[in-house]
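Engineer: My file is structure.cif. It has mmCIF, C-alpha atoms:
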```
data_work
#
loop_
_atom_site.label_atom_id
_atom_site.label_comp_id
_atom_site.auth_asym_id
_atom_site.auth_seq_id
_atom_site.Cartn_x
_atom_site.Cartn_y
_atom_site.Cartn_z
CA MET Z 21 104.91 146.43 19.92
CA THR Z 22 101.68 148.14 20.95
CA GLN Z 23 100.87 148.72 24.57
CA TYR Z 24 98.92 146.37 26.81
CA ARG Z 25 97.03 146.78 30.04
CA ILE Z 26 96.93 144.78 33.26
CA ARG Z 27 93.55 144.29 34.91
CA SER Z 28 91.70 141.95 37.24
CA ALA Z 29 90.41 138.85 35.50
CA ARG Z 30 86.71 138.35 34.86
CA SER Z 31 84.83 135.10 34.45
CA ALA Z 32 84.71 135.76 30.69
CA ASP Z 33 88.55 135.52 30.69
CA VAL Z 34 88.73 131.97 32.08
CA ARG Z 35 88.73 130.19 28.72
CA GLY Z 36 91.45 132.57 27.50
CA ILE Z 37 93.50 131.82 30.63
CA ARG Z 38 93.10 128.12 29.92
CA ASP Z 39 94.22 128.69 26.32
CA LEU Z 40 97.37 130.49 27.60
CA LEU Z 41 98.01 127.65 30.05
CA GLU Z 42 97.51 124.70 27.70
CA PRO Z 43 100.80 124.84 25.72
CA TYR Z 44 102.74 124.90 29.00
CA VAL Z 45 100.77 121.93 30.30
CA GLN Z 46 101.56 120.04 27.08
CA ARG Z 47 105.27 120.80 27.57
CA ARG Z 48 104.99 119.77 31.26
CA ILE Z 49 106.14 123.18 32.45
CA LEU Z 50 102.92 123.93 34.36
CA LEU Z 51 100.33 121.65 35.89
CA GLY Z 52 96.98 121.53 34.13
CA LYS Z 53 93.92 122.96 35.81
CA ASP Z 54 90.35 121.92 35.13
CA LEU Z 55 88.12 124.66 33.81
CA VAL Z 56 86.00 124.57 36.98
CA VAL Z 57 89.15 125.17 39.10
CA LEU Z 58 90.02 128.20 36.98
CA TYR Z 59 86.50 129.60 37.38
CA GLU Z 60 86.69 129.06 41.15
CA ALA Z 61 89.99 130.96 41.26
CA VAL Z 62 89.19 133.74 38.77
CA GLN Z 63 89.30 136.40 41.51
CA GLN Z 64 92.95 135.46 42.15
CA PHE Z 65 93.99 136.30 38.58
CA VAL Z 66 95.15 139.41 36.81
CA VAL Z 67 95.45 139.38 33.03
CA ALA Z 68 97.46 141.29 30.47
CA GLU Z 69 95.30 142.37 27.56
CA ALA Z 70 96.43 143.60 24.13
CA PRO Z 71 94.62 146.60 22.60
CA ASP Z 72 92.46 144.23 20.53
CA GLY Z 73 91.24 142.47 23.69
CA THR Z 74 93.39 139.36 23.27
CA LEU Z 75 94.78 137.94 26.50
CA ILE Z 76 98.58 137.95 26.28
CA GLY Z 77 99.40 136.96 29.85
CA CYS Z 78 98.07 136.09 33.25
CA GLY Z 79 99.09 135.38 36.81
CA ALA Z 80 97.37 134.50 40.06
CA LEU Z 81 97.88 135.34 43.71
CA HIS Z 82 96.88 132.53 46.06
CA VAL Z 83 96.73 133.32 49.79
CA MET Z 84 98.42 130.55 51.76
CA TRP Z 85 98.52 132.00 55.28
CA GLU Z 86 98.12 135.22 57.24
CA ASP Z 87 101.30 136.76 55.84
CA LEU Z 88 102.07 134.45 52.91
CA GLY Z 89 100.88 134.23 49.32
CA GLU Z 90 101.94 132.39 46.20
CA VAL Z 91 102.41 133.68 42.66
CA ARG Z 92 100.80 131.01 40.47
CA THR Z 93 100.10 130.37 36.82
CA LEU Z 94 102.31 133.19 35.54
CA ILE Z 95 102.19 133.00 31.76
CA VAL Z 96 103.10 135.37 28.95
CA ALA Z 97 102.31 134.57 25.32
CA ASP Z 98 105.52 133.80 23.39
CA GLU Z 99 105.20 136.77 21.06
CA TRP Z 100 104.97 139.12 24.07
CA LEU Z 101 108.02 137.80 25.95
CA HIS Z 102 110.66 140.43 26.78
CA HIS Z 103 108.19 143.32 26.56
CA GLY Z 104 107.68 143.81 30.31
CA VAL Z 105 104.40 141.87 30.48
CA GLY Z 106 105.60 139.35 33.07
CA ARG Z 107 107.12 142.09 35.21
CA ALA Z 108 103.88 144.10 35.06
CA ILE Z 109 101.81 141.07 36.05
CA VAL Z 110 104.08 140.30 39.02
CA GLU Z 111 103.97 143.95 40.12
CA ALA Z 112 100.15 143.87 40.02
CA LEU Z 113 100.12 140.65 42.05
CA GLU Z 114 102.51 142.20 44.57
CA ASP Z 115 100.20 145.22 44.89
CA ASN Z 116 97.26 142.87 45.48
CA ALA Z 117 99.31 140.99 48.09
CA ARG Z 118 100.10 144.20 49.95
CA THR Z 119 96.42 145.21 49.85
CA LEU Z 120 95.58 141.86 51.47
CA GLY Z 121 98.22 142.42 54.18
CA LEU Z 122 100.64 139.78 52.94
CA THR Z 123 104.33 140.33 53.59
CA ARG Z 124 105.88 137.34 51.79
CA LEU Z 125 105.37 135.82 48.35
CA PHE Z 126 106.34 132.30 47.32
CA CYS Z 127 106.77 130.88 43.84
CA LEU Z 128 107.76 127.52 42.40
CA THR Z 129 109.47 128.14 39.09
CA PHE Z 130 111.87 127.17 36.34
CA GLU Z 131 112.36 130.91 35.64
CA VAL Z 132 114.86 131.56 38.44
CA ASP Z 133 116.57 134.53 36.74
CA PHE Z 134 113.25 136.30 36.09
CA PHE Z 135 112.13 135.96 39.71
CA THR Z 136 115.59 136.84 41.05
CA ARG Z 137 115.38 140.13 39.11
CA ARG Z 138 112.02 140.72 40.86
CA GLY Z 139 113.62 140.30 44.32
CA PHE Z 140 112.85 136.63 45.00
CA THR Z 141 115.52 134.37 46.51
CA GLU Z 142 115.85 130.60 46.63
CA ILE Z 143 114.61 129.08 49.88
CA GLY Z 144 115.53 126.04 51.91
CA GLU Z 145 113.34 123.68 53.85
CA GLN Z 146 112.03 125.58 56.89
CA VAL Z 147 110.33 128.86 55.99
CA VAL Z 148 107.42 128.79 58.44
CA ASP Z 149 107.40 128.04 62.14
CA PRO Z 150 106.27 124.58 63.31
CA ASP Z 151 102.81 125.78 64.42
CA VAL Z 152 102.05 127.27 61.00
CA TYR Z 153 103.49 124.18 59.30
CA SER Z 154 101.13 121.95 61.29
CA GLN Z 155 98.18 124.00 60.00
CA LEU Z 156 99.37 124.28 56.39
CA VAL Z 157 100.06 120.56 56.09
CA ARG Z 158 96.30 119.95 56.52
CA SER Z 159 95.47 121.81 53.31
CA PRO Z 160 94.46 119.75 50.27
CA ASP Z 161 95.96 122.45 48.01
CA GLU Z 162 98.83 121.15 45.86
CA GLY Z 163 100.53 124.56 45.89
CA ILE Z 164 100.80 124.48 49.65
CA ALA Z 165 102.21 120.96 49.46
CA GLU Z 166 104.79 122.28 46.98
CA PHE Z 167 105.61 125.18 49.31
CA LEU Z 168 106.12 122.78 52.21
CA ASP Z 169 108.23 120.57 49.90
CA LEU Z 170 106.19 117.49 50.78
CA ALA Z 171 107.40 114.25 49.22
CA HIS Z 172 104.09 113.38 47.47
CA VAL Z 173 104.40 116.38 45.12
CA LYS Z 174 108.04 115.76 44.15
CA PRO Z 175 107.25 114.07 40.80
CA ASN Z 176 105.31 117.19 39.75
CA THR Z 177 108.00 119.65 40.83
CA LEU Z 178 111.29 118.12 39.70
CA GLY Z 179 113.59 120.82 38.37
CA ASN Z 180 111.53 123.65 39.85
CA THR Z 181 113.06 126.09 42.31
CA ARG Z 182 111.26 127.26 45.43
CA MET Z 183 111.66 131.02 45.86
CA LEU Z 184 110.45 133.64 48.33
CA LYS Z 185 110.24 137.43 48.41
CA THR Z 186 109.63 139.70 51.36
CA LEU Z 187 107.41 142.62 50.35
#
```
What is this file in structure tokens?
Structural biologist:
Amino acid sequence: MTQYRIRSARSADVRGIRDLLEPYVQRRILLGKDLVVLYEAVQQFVVAEAPDGTLIGCGALHVMWEDLGEVRTLIVADEWLHHGVGRAIVEALEDNARTLGLTRLFCLTFEVDFFTRRGFTEIGEQVVDPDVYSQLVRSPDEGIAEFLDLAHVKPNTLGNTRMLKTL
């Protein structure tokens, strides 16, 4: 297969990101995001682009706390699976995390083997100290609620595994 490149997302990529996301939303693998939410978060995304300009993958880095970020919305088009695209996206997100001074990355995933190969491990309940927890619990962000394993997000996260990597 021809080569691809990883780059920071631009606002013009948002509809393509949504198009990558939609089949996974339909299959209830990922939560849907409104277009406006994707535009608001475009600076968090990197995309994988085929030589013809088609988006073939994406992923986002969401900062959760001083030292903690989350890998979100990691998607690779079916025809590009097993070509290193997902690995390259995660590596780019890890580089961005290091640039921001983050030392830990969280993900909520069904793809445990993929993330284990990238150095992530399954986590239990208490991964932040009580003072940080008391601050994080105030966030309206669903991803933070998932990280904290709060009961109100359980219906959305059944079957997912919470994983963490130290950079």
Engineer: Find the residues near Arg124 of chain Z: any atom within 9 Å, counting all atoms listed in the file, skip ones fewer than 5 places away on the same chain, and give them as a list in words.
Structural biologist: Asp87, Leu88, Gly89, Glu90, Ala117, Leu184, Lys185, Thr186 and Leu187 of chain Z
Engineer: For this structure, which residues satisfy the selection - the PyMOL selection byres ((chain Z and resi 125-139) around 10) - when it is evaluated on the file as given? I want them as an NGL selection string.
Structural biologist: :Z and (49-50 or 81-84 or 87-94 or 106-107 or 110-111 or 113-114 or 117 or 122-124 or 140-143 or 163-164 or 166-167 or 177-187)
Engineer: So that I can see what lies close to Gln23 of chain Z, please list as a list in words the residues with an atom at most 9 Å from it, counting only C-alpha atoms and leaving out residues fewer than 5 positions away in the same chain.
Structural biologist: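 Everything that qualifies: Glu69, Ala70 and Pro71 of chain Z.
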Engineer: Compile the contact shell of Val57 of chain Z as a ChimeraX atom specification: residues with an atom at most 12 Å away, counting all atoms listed in the file, same-chain residues fewer than 3 positions apart removed.
Structural biologist: /Z:31,34-35,37-38,52-54,60-64,161
Engineer: Measuring between only C-alpha atoms, which one of Z:Ala112, Z:Leu58, Z:Val45, Z:Ile95 shows the shortest distance to Gly77 of chain Z?
Structural biologist: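 Ranked by minimum distance to Gly77 of chain Z, first place goes to Z:Ile95.
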